[in-house]
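K.L.:
Take this structure, written in structure tokens, and hold onto it; I'll ask about it next.
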Amino acid sequence: MTGTIVIDQERCKGCQLCTLVCPQHVLSMATDTLNARGYAPARLAAAGCTGCAVCAIICPDVCITVYREPARARRGPEVAS
Ligand code: SF4
Ligand code: SF4
């Protein structure tokens with residue numbers, strides 16, 4: 001399964017919880033910017049997100065939206081005619 005996320009940079013309070021729980025280790029904290037509230041926000045920093053949504057579930061401020069690649073339609077068995 002492949003996926004991606006979008007983190008609301010202005011809502012993030014830099015608690016790092018999402019970076020700690022991501023099983024793919026693709027999240028990190030910004031080191032070059034602060035948001036308007038003065039926090040270094042989390043970022044998707046590498047490829048490999050599966051769309052598992054663990055980060056979105058743990059985020060206490062509901063900053064993370066998860067997108068998953070749609071499952072491919074399953075085909076039934078071929079029927080000879
Ligand atoms: S959806 Fe899963 S794999 Fe993707 S960044 Fe969040 S915790 Fe990591
Ligand atoms: S868990 Fe939420 S508030 Fe905490 S660093 Fe991640 S995105 Fe920001």
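Residues in the structure tokens are numbered from 1 in each chain, the chains being A, B, ... in the order shown, and ligands are numbered from 1 in the order shown.
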For ligand 2, list the contacting residues at 7 Å or closer, counting only C-alpha atoms and all ligand atoms, as JSON, numbers by chain.

P.N.:
{"A": [7, 11, 12, 13, 14, 15, 16, 17, 18, 19, 41, 42, 55, 58, 59, 60, 61, 62, 63, 64]}

K.L.:
Write a file of the just-selected residues containing C-alpha atoms, as a PDB file, in the first residue's frame.

P.N.:
ATOM      1  CA  ILE A   7       0.774  18.175   7.671  1.00  0.00           C
ATOM      2  CA  ARG A  11      -1.366  23.855  13.478  1.00  0.00           C
ATOM      3  CA  CYS A  12       1.643  21.684  14.384  1.00  0.00           C
ATOM      4  CA  LYS A  13       3.035  22.312  17.855  1.00  0.00           C
ATOM      5  CA  GLY A  14       6.254  20.385  17.326  1.00  0.00           C
ATOM      6  CA  CYS A  15       5.567  17.656  19.889  1.00  0.00           C
ATOM      7  CA  GLN A  16       7.351  15.031  17.736  1.00  0.00           C
ATOM      8  CA  LEU A  17       4.856  12.273  18.550  1.00  0.00           C
ATOM      9  CA  CYS A  18       4.232  11.523  14.896  1.00  0.00           C
ATOM     10  CA  THR A  19       7.942  11.130  14.189  1.00  0.00           C
ATOM     11  CA  PRO A  41       6.767  21.644  12.466  1.00  0.00           C
ATOM     12  CA  ALA A  42       6.891  18.001  11.420  1.00  0.00           C
ATOM     13  CA  CYS A  55       0.717   9.479  12.671  1.00  0.00           C
ATOM     14  CA  ILE A  58      -1.510   9.967  17.446  1.00  0.00           C
ATOM     15  CA  CYS A  59      -1.383  13.676  16.554  1.00  0.00           C
ATOM     16  CA  PRO A  60      -3.067  15.514  19.435  1.00  0.00           C
ATOM     17  CA  ASP A  61      -3.824  18.542  17.287  1.00  0.00           C
ATOM     18  CA  VAL A  62      -5.291  16.760  14.256  1.00  0.00           C
ATOM     19  CA  CYS A  63      -2.710  18.253  11.937  1.00  0.00           C
ATOM     20  CA  ILE A  64      -2.240  15.299   9.602  1.00  0.00           C
TER      21      ILE A  64
END

K.L.:
With the cut-off set at 6 Å and counting only C-alpha atoms and all ligand atoms, tabulate each residue of chain A with an atom at most that distance from an atom of ligand 1, showing the nearest atom pair and its distance in Å to one decimal, ordered by chain and increasing number, as CSV.

P.N.:
residue,atom,partner,partner_atom_place_in_ligand_line,distance
A:Thr4,CA,ligand 1,4 (Fe),5.8
A:Cys22,CA,ligand 1,7 (S),3.7
A:Pro23,CA,ligand 1,8 (Fe),5.8
A:Gln24,CA,ligand 1,3 (S),5.1
A:Val26,CA,ligand 1,5 (S),5.8
A:Leu27,CA,ligand 1,5 (S),5.9
A:Cys49,CA,ligand 1,4 (Fe),3.7
A:Thr50,CA,ligand 1,3 (S),4.5
A:Gly51,CA,ligand 1,1 (S),3.7
A:Cys52,CA,ligand 1,2 (Fe),3.9
A:Ala53,CA,ligand 1,1 (S),3.9
A:Val54,CA,ligand 1,7 (S),4.4
A:Cys55,CA,ligand 1,7 (S),4.1
A:Val66,CA,ligand 1,1 (S),6.0

K.L.:
What lies within 7 Å of region 35-37 of chain A using only C-alpha atoms, ignoring chain neighbours under 3 positions off, as a list in words?

P.N.:
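Returned residues: Gln9, Glu10, Ala40 and Pro41 of chain A.
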
K.L.:
Check the smallest atom-to-atom distance from each of A:Leu34, A:Met1, A:Leu44, A:Met29 to Ala71 (chain A) using only C-alpha atoms, then report the winner.

P.N.:
A:Met1
